[in-house]
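Colleague: run_9.cif is reproduced in full below (mmCIF, C-alpha atoms and all ligand atoms).
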data_model
#
loop_
_atom_site.group_PDB
_atom_site.id
_atom_site.type_symbol
_atom_site.label_atom_id
_atom_site.label_comp_id
_atom_site.auth_asym_id
_atom_site.auth_seq_id
_atom_site.Cartn_x
_atom_site.Cartn_y
_atom_site.Cartn_z
ATOM 1 C CA MET H 8 3.098 7.195 -19.577
ATOM 2 C CA ARG H 9 2.725 7.909 -15.880
ATOM 3 C CA LEU H 10 -0.335 7.431 -13.712
ATOM 4 C CA GLU H 11 -0.283 9.242 -10.380
ATOM 5 C CA VAL H 12 -2.656 8.861 -7.473
ATOM 6 C CA CYS H 13 -2.431 12.075 -5.444
ATOM 7 C CA ASN H 14 -3.789 12.208 -1.876
ATOM 8 C CA ALA H 15 -6.750 10.068 -2.846
ATOM 9 C CA VAL H 16 -9.565 9.379 -0.433
ATOM 10 C CA CYS H 17 -11.512 6.326 -1.615
ATOM 11 C CA GLY H 18 -14.790 4.966 -0.345
ATOM 12 C CA TYR H 19 -18.528 4.729 -0.723
ATOM 13 C CA GLY H 20 -20.704 7.710 0.251
ATOM 14 C CA THR H 21 -19.714 8.555 3.795
ATOM 15 C CA HIS H 22 -17.788 5.275 4.266
ATOM 16 C CA VAL H 23 -14.092 6.106 3.844
ATOM 17 C CA VAL H 24 -12.109 2.975 2.934
ATOM 18 C CA SER H 25 -8.645 4.501 2.426
ATOM 19 C CA GLN H 26 -7.202 7.974 2.620
ATOM 20 C CA ASN H 27 -4.016 9.872 1.809
ATOM 21 C CA VAL H 28 -3.239 7.359 -0.907
ATOM 22 C CA SER H 29 -0.400 8.622 -3.076
ATOM 23 C CA MET H 30 1.447 6.391 -5.484
ATOM 24 C CA SER H 31 2.494 6.246 -9.118
ATOM 25 C CA ILE H 32 2.990 3.779 -11.896
ATOM 26 C CA ASN H 33 5.120 4.298 -15.004
ATOM 27 C CA THR H 34 5.339 2.312 -18.218
ATOM 28 C CA GLY H 35 7.842 -0.520 -17.734
ATOM 29 C CA GLN H 36 7.137 -0.868 -14.013
ATOM 30 C CA ILE H 37 5.242 -3.651 -12.252
ATOM 31 C CA VAL H 38 3.688 -2.328 -9.061
ATOM 32 C CA CYS H 39 2.248 -5.062 -6.851
ATOM 33 C CA LEU H 40 -0.447 -4.006 -4.412
ATOM 34 C CA LEU H 41 -0.569 -6.252 -1.349
ATOM 35 C CA GLY H 42 -2.800 -6.149 1.692
ATOM 36 C CA PRO H 43 -5.275 -8.197 3.716
ATOM 37 C CA ASN H 44 -8.889 -8.874 2.697
ATOM 38 C CA GLY H 45 -11.149 -5.843 2.861
ATOM 39 C CA VAL H 46 -8.341 -3.284 3.184
ATOM 40 C CA GLY H 47 -9.428 -1.445 0.026
ATOM 41 C CA LYS H 48 -7.391 -2.717 -2.919
ATOM 42 C CA THR H 49 -10.339 -3.192 -5.310
ATOM 43 C CA THR H 50 -11.895 0.075 -4.144
ATOM 44 C CA LEU H 51 -8.640 1.869 -5.022
ATOM 45 C CA PHE H 52 -8.658 0.249 -8.475
ATOM 46 C CA LYS H 53 -12.309 1.211 -9.041
ATOM 47 C CA SER H 54 -11.451 4.784 -8.015
ATOM 48 C CA ILE H 55 -8.437 4.949 -10.335
ATOM 49 C CA LEU H 56 -10.545 3.682 -13.236
ATOM 50 C CA GLY H 57 -13.348 6.146 -12.497
ATOM 51 C CA PHE H 58 -15.942 3.419 -11.718
ATOM 52 C CA GLN H 59 -16.131 4.808 -8.185
ATOM 53 C CA LYS H 60 -15.967 8.562 -7.581
ATOM 54 C CA LEU H 61 -12.994 9.733 -5.502
ATOM 55 C CA LEU H 62 -14.088 11.278 -2.206
ATOM 56 C CA ASP H 63 -11.052 13.555 -2.463
ATOM 57 C CA GLY H 64 -7.742 13.847 -4.281
ATOM 58 C CA THR H 65 -6.879 13.421 -7.955
ATOM 59 C CA ILE H 66 -5.703 10.854 -10.457
ATOM 60 C CA LEU H 67 -3.283 12.218 -13.042
ATOM 61 C CA LEU H 68 -2.400 10.648 -16.375
ATOM 62 C CA ASP H 69 0.802 12.192 -17.703
ATOM 63 C CA GLY H 70 0.183 15.154 -15.410
ATOM 64 C CA ARG H 71 -3.417 15.764 -16.543
ATOM 65 C CA ASP H 72 -6.456 15.188 -14.343
ATOM 66 C CA MET H 73 -7.893 11.927 -15.631
ATOM 67 C CA SER H 74 -11.500 12.909 -14.926
ATOM 68 C CA GLY H 75 -11.218 15.609 -17.616
ATOM 69 C CA LEU H 76 -9.625 13.418 -20.307
ATOM 70 C CA PRO H 77 -11.624 12.012 -23.257
ATOM 71 C CA GLN H 78 -12.990 8.582 -22.326
ATOM 72 C CA LYS H 79 -11.723 6.987 -25.515
ATOM 73 C CA TYR H 80 -8.160 8.172 -24.829
ATOM 74 C CA VAL H 81 -8.264 6.725 -21.310
ATOM 75 C CA ALA H 82 -9.795 3.477 -22.629
ATOM 76 C CA ARG H 83 -6.991 3.106 -25.177
ATOM 77 C CA SER H 84 -4.259 3.894 -22.662
ATOM 78 C CA ILE H 85 -5.328 1.849 -19.646
ATOM 79 C CA GLY H 86 -6.435 -1.772 -19.715
ATOM 80 C CA TYR H 87 -8.275 -3.433 -16.858
ATOM 81 C CA VAL H 88 -8.477 -7.078 -15.919
ATOM 82 C CA PRO H 89 -11.260 -7.545 -13.366
ATOM 83 C CA GLN H 90 -11.609 -10.603 -11.191
ATOM 84 C CA ALA H 91 -13.121 -13.343 -13.384
ATOM 85 C CA HIS H 92 -16.857 -13.038 -13.857
ATOM 86 C CA GLU H 93 -19.621 -14.748 -15.739
ATOM 87 C CA PRO H 94 -21.078 -12.567 -18.485
ATOM 88 C CA PRO H 95 -24.784 -12.712 -19.291
ATOM 89 C CA PHE H 96 -24.293 -13.776 -22.929
ATOM 90 C CA PRO H 97 -22.596 -16.912 -24.261
ATOM 91 C CA PHE H 98 -19.968 -15.223 -26.457
ATOM 92 C CA LYS H 99 -17.247 -17.143 -28.240
ATOM 93 C CA VAL H 100 -13.844 -16.684 -26.561
ATOM 94 C CA LEU H 101 -12.324 -15.085 -29.679
ATOM 95 C CA ASP H 102 -15.154 -12.525 -29.743
ATOM 96 C CA VAL H 103 -14.590 -11.717 -26.045
ATOM 97 C CA VAL H 104 -10.904 -11.063 -26.784
ATOM 98 C CA VAL H 105 -11.739 -8.946 -29.849
ATOM 99 C CA MET H 106 -13.923 -6.777 -27.574
ATOM 100 C CA GLY H 107 -10.588 -5.535 -26.214
ATOM 101 C CA ARG H 108 -10.157 -3.714 -29.545
ATOM 102 C CA THR H 109 -13.313 -1.595 -29.024
ATOM 103 C CA ALA H 110 -11.457 1.555 -27.963
ATOM 104 C CA HIS H 111 -9.491 1.438 -31.235
ATOM 105 C CA LEU H 112 -12.546 1.223 -33.493
ATOM 106 C CA GLY H 113 -14.284 4.177 -35.099
ATOM 107 C CA ALA H 114 -17.905 4.892 -34.228
ATOM 108 C CA PHE H 115 -20.161 2.075 -35.550
ATOM 109 C CA ALA H 116 -17.145 0.247 -37.075
ATOM 110 C CA SER H 117 -16.856 -3.524 -36.780
ATOM 111 C CA PRO H 118 -13.587 -5.201 -35.817
ATOM 112 C CA SER H 119 -11.293 -5.602 -38.839
ATOM 113 C CA LYS H 120 -9.193 -8.571 -39.965
ATOM 114 C CA GLN H 121 -6.275 -6.923 -38.166
ATOM 115 C CA ASP H 122 -8.259 -6.723 -34.904
ATOM 116 C CA PHE H 123 -8.976 -10.450 -35.157
ATOM 117 C CA SER H 124 -5.343 -11.247 -35.925
ATOM 118 C CA ILE H 125 -4.218 -9.228 -32.857
ATOM 119 C CA ALA H 126 -6.709 -11.218 -30.748
ATOM 120 C CA VAL H 127 -5.439 -14.504 -32.187
ATOM 121 C CA SER H 128 -1.798 -13.634 -31.512
ATOM 122 C CA VAL H 129 -2.577 -12.609 -27.911
ATOM 123 C CA LEU H 130 -4.310 -15.970 -27.372
ATOM 124 C CA GLU H 131 -1.222 -17.686 -28.815
ATOM 125 C CA GLY H 132 1.076 -15.652 -26.537
ATOM 126 C CA LEU H 133 -0.858 -16.842 -23.481
ATOM 127 C CA LYS H 134 -0.895 -20.402 -24.888
ATOM 128 C CA ILE H 135 -4.692 -20.599 -24.853
ATOM 129 C CA SER H 136 -5.425 -20.762 -28.598
ATOM 130 C CA TYR H 137 -7.291 -24.004 -27.900
ATOM 131 C CA LEU H 138 -10.011 -21.912 -26.214
ATOM 132 C CA LYS H 139 -10.578 -19.703 -29.280
ATOM 133 C CA ASN H 140 -13.838 -21.268 -30.460
ATOM 134 C CA LYS H 141 -15.190 -22.278 -27.064
ATOM 135 C CA ILE H 142 -18.093 -20.495 -25.389
ATOM 136 C CA TYR H 143 -16.906 -18.169 -22.599
ATOM 137 C CA THR H 144 -19.690 -19.234 -20.206
ATOM 138 C CA GLU H 145 -18.716 -22.898 -20.693
ATOM 139 C CA ILE H 146 -15.024 -22.718 -19.762
ATOM 140 C CA SER H 147 -13.500 -22.954 -16.270
ATOM 141 C CA GLY H 148 -12.958 -19.983 -13.910
ATOM 142 C CA GLY H 149 -9.198 -20.116 -14.465
ATOM 143 C CA GLU H 150 -9.631 -20.240 -18.241
ATOM 144 C CA ARG H 151 -12.010 -17.269 -18.027
ATOM 145 C CA GLN H 152 -9.363 -15.351 -16.121
ATOM 146 C CA LEU H 153 -6.805 -16.039 -18.850
ATOM 147 C CA VAL H 154 -9.332 -14.883 -21.469
ATOM 148 C CA LEU H 155 -9.911 -11.607 -19.577
ATOM 149 C CA ILE H 156 -6.137 -11.062 -19.522
ATOM 150 C CA ALA H 157 -6.065 -11.749 -23.270
ATOM 151 C CA ARG H 158 -8.887 -9.247 -23.820
ATOM 152 C CA ALA H 159 -6.958 -6.549 -21.951
ATOM 153 C CA LEU H 160 -3.753 -7.302 -23.874
ATOM 154 C CA ALA H 161 -5.616 -7.143 -27.205
ATOM 155 C CA GLN H 162 -6.423 -3.567 -26.261
ATOM 156 C CA GLN H 163 -2.640 -2.886 -26.453
ATOM 157 C CA PRO H 164 -2.751 -0.423 -23.555
ATOM 158 C CA GLU H 165 0.252 1.381 -22.123
ATOM 159 C CA LEU H 166 -0.814 0.628 -18.558
ATOM 160 C CA LEU H 167 -2.602 -2.452 -17.327
ATOM 161 C CA ILE H 168 -4.507 -2.679 -14.049
ATOM 162 C CA MET H 169 -5.062 -6.257 -12.921
ATOM 163 C CA ASP H 170 -7.196 -7.259 -9.940
ATOM 164 C CA GLU H 171 -5.822 -10.554 -8.606
ATOM 165 C CA PRO H 172 -4.854 -11.841 -12.053
ATOM 166 C CA THR H 173 -3.751 -15.213 -10.683
ATOM 167 C CA SER H 174 -6.480 -15.903 -8.124
ATOM 168 C CA ASN H 175 -8.275 -18.693 -10.024
ATOM 169 C CA LEU H 176 -5.257 -20.145 -11.761
ATOM 170 C CA ASP H 177 -3.485 -23.429 -11.139
ATOM 171 C CA PHE H 178 0.178 -23.299 -10.149
ATOM 172 C CA GLY H 179 1.454 -23.636 -13.743
ATOM 173 C CA ASN H 180 -0.845 -20.946 -15.107
ATOM 174 C CA GLN H 181 0.034 -18.600 -12.217
ATOM 175 C CA VAL H 182 3.688 -18.874 -13.162
ATOM 176 C CA ARG H 183 2.906 -18.500 -16.887
ATOM 177 C CA VAL H 184 0.807 -15.368 -16.287
ATOM 178 C CA LEU H 185 3.481 -13.782 -14.053
ATOM 179 C CA ALA H 186 6.156 -14.602 -16.660
ATOM 180 C CA GLU H 187 3.985 -13.020 -19.367
ATOM 181 C CA ILE H 188 3.432 -9.897 -17.224
ATOM 182 C CA LYS H 189 7.193 -9.623 -16.685
ATOM 183 C CA LYS H 190 7.880 -9.993 -20.419
ATOM 184 C CA LEU H 191 5.281 -7.335 -21.284
ATOM 185 C CA ALA H 192 6.754 -4.910 -18.742
ATOM 186 C CA GLN H 193 10.208 -5.447 -20.237
ATOM 187 C CA ARG H 194 8.667 -4.382 -23.576
ATOM 188 C CA GLY H 195 7.320 -1.196 -21.928
ATOM 189 C CA LEU H 196 3.904 -2.017 -20.461
ATOM 190 C CA GLY H 197 3.222 -0.594 -16.994
ATOM 191 C CA VAL H 198 1.357 -2.956 -14.673
ATOM 192 C CA LEU H 199 -0.490 -2.324 -11.435
ATOM 193 C CA MET H 200 -1.684 -5.599 -9.970
ATOM 194 C CA THR H 201 -3.018 -6.975 -6.715
ATOM 195 C CA SER H 202 -2.027 -10.314 -5.323
ATOM 196 C CA HIS H 203 -2.689 -12.280 -2.169
ATOM 197 C CA SER H 204 0.723 -13.891 -2.479
ATOM 198 C CA PRO H 205 3.763 -11.805 -1.467
ATOM 199 C CA ASP H 206 5.832 -14.344 -3.434
ATOM 200 C CA HIS H 207 4.368 -12.884 -6.607
ATOM 201 C CA ALA H 208 5.952 -9.560 -5.710
ATOM 202 C CA PHE H 209 9.324 -11.305 -5.379
ATOM 203 C CA LEU H 210 8.813 -13.009 -8.741
ATOM 204 C CA CYS H 211 7.917 -10.049 -10.894
ATOM 205 C CA ALA H 212 7.339 -6.693 -9.167
ATOM 206 C CA THR H 213 9.605 -3.678 -9.455
ATOM 207 C CA GLU H 214 7.727 -1.835 -6.661
ATOM 208 C CA VAL H 215 5.356 -2.835 -3.889
ATOM 209 C CA VAL H 216 2.536 -0.990 -2.178
ATOM 210 C CA LEU H 217 1.468 -2.681 1.049
ATOM 211 C CA MET H 218 -1.915 -1.498 2.365
ATOM 212 C CA LYS H 219 -2.323 -2.121 6.077
ATOM 213 C CA LYS H 220 -5.552 -2.120 8.079
ATOM 214 C CA GLY H 221 -6.075 1.354 9.502
ATOM 215 C CA GLY H 222 -4.993 2.992 6.282
ATOM 216 C CA GLU H 223 -1.184 2.960 6.560
ATOM 217 C CA LEU H 224 0.474 2.528 3.179
ATOM 218 C CA LEU H 225 4.037 1.280 2.731
ATOM 219 C CA LEU H 226 5.641 1.964 -0.655
ATOM 220 C CA GLY H 227 9.034 1.043 -2.005
ATOM 221 C CA GLY H 228 11.224 -1.604 -3.581
ATOM 222 C CA VAL H 229 10.231 -5.256 -3.150
ATOM 223 C CA ASP H 230 13.065 -6.158 -0.730
ATOM 224 C CA GLU H 231 12.414 -3.055 1.318
ATOM 225 C CA ILE H 232 8.669 -3.644 1.750
ATOM 226 C CA VAL H 233 8.208 -7.422 1.667
ATOM 227 C CA THR H 234 9.937 -8.168 4.958
ATOM 228 C CA GLU H 235 9.100 -10.670 7.688
ATOM 229 C CA GLU H 236 8.132 -7.864 10.049
ATOM 230 C CA ASN H 237 5.918 -5.997 7.540
ATOM 231 C CA LEU H 238 4.125 -9.220 6.551
ATOM 232 C CA ARG H 239 3.572 -10.119 10.188
ATOM 233 C CA GLN H 240 2.103 -6.682 10.865
ATOM 234 C CA ALA H 241 -0.073 -6.638 7.733
ATOM 235 C CA TYR H 242 -1.397 -10.210 7.793
ATOM 236 C CA GLY H 243 -0.959 -11.190 11.461
ATOM 237 C CA VAL H 244 1.034 -14.354 10.682
ATOM 238 C CA ASP H 245 4.658 -15.335 11.169
ATOM 239 C CA VAL H 246 6.608 -15.701 7.944
ATOM 240 C CA LYS H 247 10.242 -16.516 7.187
ATOM 241 C CA ILE H 248 11.789 -15.188 4.018
ATOM 242 C CA THR H 249 14.130 -17.603 2.358
ATOM 243 C CA GLN H 250 16.137 -17.385 -0.851
ATOM 244 C CA THR H 251 17.415 -19.585 -3.630
ATOM 245 C CA GLN H 252 19.049 -19.047 -7.042
ATOM 246 C CA ASN H 253 17.420 -19.113 -10.464
ATOM 247 C CA GLU H 254 19.040 -20.561 -13.609
ATOM 248 C CA ASN H 255 20.964 -17.316 -14.149
ATOM 249 C CA GLY H 256 22.439 -17.429 -10.658
ATOM 250 C CA GLU H 257 20.233 -14.538 -9.477
ATOM 251 C CA LEU H 258 18.809 -14.672 -5.973
ATOM 252 C CA VAL H 259 15.052 -15.287 -5.755
ATOM 253 C CA LYS H 260 13.263 -14.829 -2.452
ATOM 254 C CA ALA H 261 10.172 -16.705 -1.226
ATOM 255 C CA CYS H 262 7.926 -16.536 1.833
ATOM 256 C CA VAL H 263 7.436 -19.548 4.077
ATOM 257 C CA PRO H 264 4.619 -19.190 6.601
ATOM 258 C CA MET H 265 5.350 -20.563 10.071
ATOM 259 C CA LEU H 266 2.486 -22.712 11.345
ATOM 260 C CA ASP H 267 2.179 -23.011 15.104
HETATM 261 N N1 LIG H 301 -20.108 -1.317 -3.218
HETATM 262 C C1 LIG H 301 -19.726 -1.127 -1.956
HETATM 263 N N2 LIG H 301 -20.431 -0.339 -1.111
HETATM 264 C C2 LIG H 301 -20.032 -0.120 0.166
HETATM 265 N N3 LIG H 301 -18.914 -0.648 0.714
HETATM 266 C C3 LIG H 301 -18.173 -1.451 -0.076
HETATM 267 C C4 LIG H 301 -18.525 -1.731 -1.438
HETATM 268 N N4 LIG H 301 -17.583 -2.545 -1.977
HETATM 269 C C5 LIG H 301 -16.683 -2.762 -0.990
HETATM 270 N N5 LIG H 301 -17.039 -2.111 0.153
HETATM 271 C C6 LIG H 301 -16.285 -2.097 1.414
HETATM 272 O O1 LIG H 301 -15.018 -1.501 1.189
HETATM 273 C C7 LIG H 301 -14.016 -2.159 1.936
HETATM 274 C C8 LIG H 301 -12.862 -2.541 1.037
HETATM 275 O O2 LIG H 301 -13.296 -3.496 0.091
HETATM 276 P P1 LIG H 301 -12.383 -3.913 -1.131
HETATM 277 O O3 LIG H 301 -13.175 -4.855 -1.980
HETATM 278 O O4 LIG H 301 -11.820 -2.704 -1.765
HETATM 279 O O5 LIG H 301 -11.197 -4.676 -0.365
HETATM 280 P P2 LIG H 301 -10.033 -5.560 -0.956
HETATM 281 O O6 LIG H 301 -8.783 -5.125 -0.293
HETATM 282 O O7 LIG H 301 -10.041 -5.528 -2.465
HETATM 283 O O8 LIG H 301 -10.476 -6.987 -0.430
HETATM 284 P P3 LIG H 301 -10.195 -8.473 -0.999
HETATM 285 O O9 LIG H 301 -8.718 -8.716 -0.819
HETATM 286 O O10 LIG H 301 -10.997 -9.317 -0.073
HETATM 287 O O11 LIG H 301 -10.648 -8.536 -2.429
HETATM 288 C C9 LIG H 301 -14.698 -3.332 2.623
HETATM 289 O O12 LIG H 301 -14.938 -2.975 3.970
HETATM 290 C C10 LIG H 301 -16.000 -3.503 1.897
HETATM 291 O O13 LIG H 301 -17.006 -3.950 2.727
#
For the file at hand, write its structure as structure tokens.
Modeller:
Amino acid sequence: MRLEVCNAVCGYGTHVVSQNVSMSINTGQIVCLLGPNGVGKTTLFKSILGFQKLLDGTILLDGRDMSGLPQKYVARSIGYVPQAHEPPFPFKVLDVVVMGRTAHLGAFASPSKQDFSIAVSVLEGLKISYLKNKIYTEISGGERQLVLIARALAQQPELLIMDEPTSNLDFGNQVRVLAEIKKLAQRGLGVLMTSHSPDHAFLCATEVVLMKKGGELLLGGVDEIVTEENLRQAYGVDVKITQTQNENGELVKACVPMLD
């Protein structure tokens, strides 16, 4: 499956947030969207998902204009993990995860035993089975974020759009979520995610899109885009890029900010 953003202009009414946005995401790829606060990352996601009307341009899913595709087909194909939120009702965590199966159910059908067993195995995969019977409104922000990821995975989409999936997570859970994303992409899932940490791009991305203030968009491989100069220009801070080796002897890069 391939999702293409073609010359998109995103914004609110007459307020243009980003323009000439063209990029694509294929199954098996992890595209990491980087950029400073307020540059338009969430607005782009909302536009891709159809929550916010494009001011111009098109979004194609396998070459077909997404706005004309049946909603159920889009809902089955593309999963979305929003930034963690507090829902109005105190649902049990397992029920929240089962909600991810909605696009697979027939009209008026209730989730089946199989839907529940998919939800349970996703919770196990993310190592959060212990949350299964807890009330979603009574767990921590980080735990809620993991549950929202589980809900999206229970949907078994081909593409997953994740808005800052690690923002509320402790260091261990950040690493676990990135490792899980990498594993899922190796099995064929396509991921488009935002992060405020360029290191996350080094850890798991196959491509990077760097949105700069003023609308410039840099696209390419991780090593090509996540450079000291590009980070300095985008975020206005000095950064050194260093590298070490992982257990397999592969080079892994990391960013070290230079404090004055
Ligand atoms: N509902 C809205 N109506 C009007 N303007 C909005 C709305 N939501 C966001 N904006 C504006 O759009 C711009 C981009 O916001 P957006 O949330 O997309 O940025 P972002 O890159 O995701 O930021 P962050 O990294 O802080 O989450 C901002 O100037 C913001 O004020």
Colleague: Using the chain letters and numbers from the file, give me the residues hit by the PyMOL selection byres (((chain H and resi 67-76) around 8) and not hetatm), as a list in words.
Modeller: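 After applying the PyMOL selection byres (((chain H and resi 67-76) around 8) and not hetatm), what remains is Met8, Arg9, Leu10, Glu11, Val12, Cys13, Gly57, Thr65, Ile66, Pro77, Gln78, Tyr80 and Val81 of chain H.
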Colleague: What does the distance from atom CA of Asn180 of chain H to atom CA of Lys141 of chain H come to in Å, to one decimal?
Modeller: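 Computing it gives 18.7 Å between the two atoms.
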Colleague: Please evaluate the PyMOL selection byres (((chain H and resi 237) around 12) and not hetatm) against the structure above and give the resulting residues as number ranges by chain.
Modeller: H: 41-42, 205, 215-219, 223-226, 229-236, 238-248
Colleague: The selected residues should be written to file as a short mmCIF file (atom, residue, chain, number, x, y, z; two decimals), in the frame of the given file (atoms: C-alpha atoms).
Modeller:
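Output below, filename part.cif:
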data_model
loop_
_atom_site.label_atom_id
_atom_site.label_comp_id
_atom_site.auth_asym_id
_atom_site.auth_seq_id
_atom_site.Cartn_x
_atom_site.Cartn_y
_atom_site.Cartn_z
CA LEU H 41 -0.57 -6.25 -1.35
CA GLY H 42 -2.80 -6.15 1.69
CA PRO H 205 3.76 -11.80 -1.47
CA VAL H 215 5.36 -2.84 -3.89
CA VAL H 216 2.54 -0.99 -2.18
CA LEU H 217 1.47 -2.68 1.05
CA MET H 218 -1.92 -1.50 2.37
CA LYS H 219 -2.32 -2.12 6.08
CA GLU H 223 -1.18 2.96 6.56
CA LEU H 224 0.47 2.53 3.18
CA LEU H 225 4.04 1.28 2.73
CA LEU H 226 5.64 1.96 -0.66
CA VAL H 229 10.23 -5.26 -3.15
CA ASP H 230 13.06 -6.16 -0.73
CA GLU H 231 12.41 -3.06 1.32
CA ILE H 232 8.67 -3.64 1.75
CA VAL H 233 8.21 -7.42 1.67
CA THR H 234 9.94 -8.17 4.96
CA GLU H 235 9.10 -10.67 7.69
CA GLU H 236 8.13 -7.86 10.05
CA LEU H 238 4.12 -9.22 6.55
CA ARG H 239 3.57 -10.12 10.19
CA GLN H 240 2.10 -6.68 10.86
CA ALA H 241 -0.07 -6.64 7.73
CA TYR H 242 -1.40 -10.21 7.79
CA GLY H 243 -0.96 -11.19 11.46
CA VAL H 244 1.03 -14.35 10.68
CA ASP H 245 4.66 -15.34 11.17
CA VAL H 246 6.61 -15.70 7.94
CA LYS H 247 10.24 -16.52 7.19
CA ILE H 248 11.79 -15.19 4.02
#
Colleague: Enter the distance from atom CA of Thr201 of chain H to atom O10 of ligand LIG 301 (chain H), in Å, rounded to one decimal.
Modeller: 10.6 Å
Colleague: Applied to this file, what does the PyMOL selection byres (((chain H and resi 47-52) around 8) and not hetatm) return in terms of residues, put as a list of chain:residue names?
Modeller: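 When the PyMOL selection byres (((chain H and resi 47-52) around 8) and not hetatm) is applied, the selected residues are H:Cys17, H:Gly18, H:Val24, H:Ser25, H:Leu40, H:Leu41, H:Gly42, H:Asn44, H:Gly45, H:Val46, H:Lys53, H:Ser54, H:Ile55, H:Leu56, H:Gln59, H:Ile168, H:Asp170, H:Thr201, H:Met218.
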Colleague: Next, write the just-selected residues to a file, as a PDB file, in the frame of the given file, keeping C-alpha atoms as the atom set.
Modeller:
ATOM      1  CA  CYS H  17     -11.512   6.326  -1.615  1.00  0.00           C
ATOM      2  CA  GLY H  18     -14.790   4.966  -0.345  1.00  0.00           C
ATOM      3  CA  VAL H  24     -12.109   2.975   2.934  1.00  0.00           C
ATOM      4  CA  SER H  25      -8.645   4.501   2.426  1.00  0.00           C
ATOM      5  CA  LEU H  40      -0.447  -4.006  -4.412  1.00  0.00           C
ATOM      6  CA  LEU H  41      -0.569  -6.252  -1.349  1.00  0.00           C
ATOM      7  CA  GLY H  42      -2.800  -6.149   1.692  1.00  0.00           C
ATOM      8  CA  ASN H  44      -8.889  -8.874   2.697  1.00  0.00           C
ATOM      9  CA  GLY H  45     -11.149  -5.843   2.861  1.00  0.00           C
ATOM     10  CA  VAL H  46      -8.341  -3.284   3.184  1.00  0.00           C
ATOM     11  CA  LYS H  53     -12.309   1.211  -9.041  1.00  0.00           C
ATOM     12  CA  SER H  54     -11.451   4.784  -8.015  1.00  0.00           C
ATOM     13  CA  ILE H  55      -8.437   4.949 -10.335  1.00  0.00           C
ATOM     14  CA  LEU H  56     -10.545   3.682 -13.236  1.00  0.00           C
ATOM     15  CA  GLN H  59     -16.131   4.808  -8.185  1.00  0.00           C
ATOM     16  CA  ILE H 168      -4.507  -2.679 -14.049  1.00  0.00           C
ATOM     17  CA  ASP H 170      -7.196  -7.259  -9.940  1.00  0.00           C
ATOM     18  CA  THR H 201      -3.018  -6.975  -6.715  1.00  0.00           C
ATOM     19  CA  MET H 218      -1.915  -1.498   2.365  1.00  0.00           C
TER      20      MET H 218
END
Colleague: Quick one: residues within 10 Å of (-14.6, -21.8, -23.3) (file frame), counting only C-alpha atoms, please, as an MDAnalysis selection string.
Modeller: chainID H and resid 97:101 137:148 150:151 154
Colleague: Work out how far apart atom CA of Ser128 of chain H and atom CA of Gln181 of chain H are and give it in Å to one decimal.
Modeller: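 That distance, rounded to one decimal, is 20.0 Å.
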Colleague: Which polymer residues, whether protein, DNA or RNA, lie within 10 Å of the coordinate (-4.8, 5.4, -25.6) when you count only C-alpha atoms? List them as a list of chain:residue names, using the chain letters and numbers from the file.
Modeller: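 Within 10 Å of (-4.8, 5.4, -25.6), the protein and nucleic acid residues are H:Pro77, H:Gln78, H:Lys79, H:Tyr80, H:Val81, H:Ala82, H:Arg83, H:Ser84, H:Ile85, H:Gly86, H:Ala110, H:His111, H:Gln162, H:Gln163, H:Pro164, H:Glu165, H:Leu166.
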Colleague: Return as AutoDock Vina command-line options the centre and edge lengths, in Å with one decimal, of the box along x, y and z that encloses every atom of ligand LIG 301 (chain H) in the file, padded by 6 Å per side.
Modeller:
--center_x -14.6 --center_y -4.7 --center_z 0.4 --size_x 23.7 --size_y 21.2 --size_z 19.2
Colleague: Go through H:Arg183, H:Glu257, H:Ile188, H:Leu199 and flag the residue nearest Ser31 of chain H, using all atoms listed in the file for the distances.
Modeller: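 The shortest atom-to-atom distance to Ser31 of chain H comes from H:Leu199.
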Colleague: Report as a ChimeraX atom specification all protein, DNA and RNA residues lying within 12 Å of Gln121 of chain H, evaluated on all atoms listed in the file, omitting residues in the same chain fewer than 2 positions from it.
Modeller: /H:105,108,111-112,117-119,123-128,161
Colleague: Considering only C-alpha atoms and all ligand atoms, can you say which of H:Ala157, H:Met106, H:Met200, H:Leu210 comes closest to ligand LIG 301 (chain H)?
Modeller: H:Met200
Colleague: With distances taken over only C-alpha atoms, which of H:Leu185, H:Leu176, H:Val104, H:Leu61 is nearest to Ala159 of chain H?
Modeller: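 The closest residue to Ala159 of chain H is H:Val104.
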Colleague: Which one is closest to ligand LIG 301 (chain H): H:Met169, H:Ile135, H:Cys211, H:Leu160? Count only C-alpha atoms and all ligand atoms.
Modeller: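 Using only C-alpha atoms and all ligand atoms, ligand LIG 301 (chain H) sits closest to H:Met169.
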Colleague: Counting only C-alpha atoms and all ligand atoms, figure out which residue out of H:Val23, H:Val16, H:Ala261, H:Ala186 gets nearest to ligand LIG 301 (chain H).
Modeller: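 Of the candidates, the smallest distance to ligand LIG 301 (chain H) is held by H:Val23.
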Colleague: Ranking H:Tyr87, H:Gly149, H:His203, H:Gln252 by minimum distance to Gly179 of chain H and counting all atoms listed in the file, which one comes first?
Modeller: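 Using all atoms listed in the file, Gly179 of chain H sits closest to H:Gly149.
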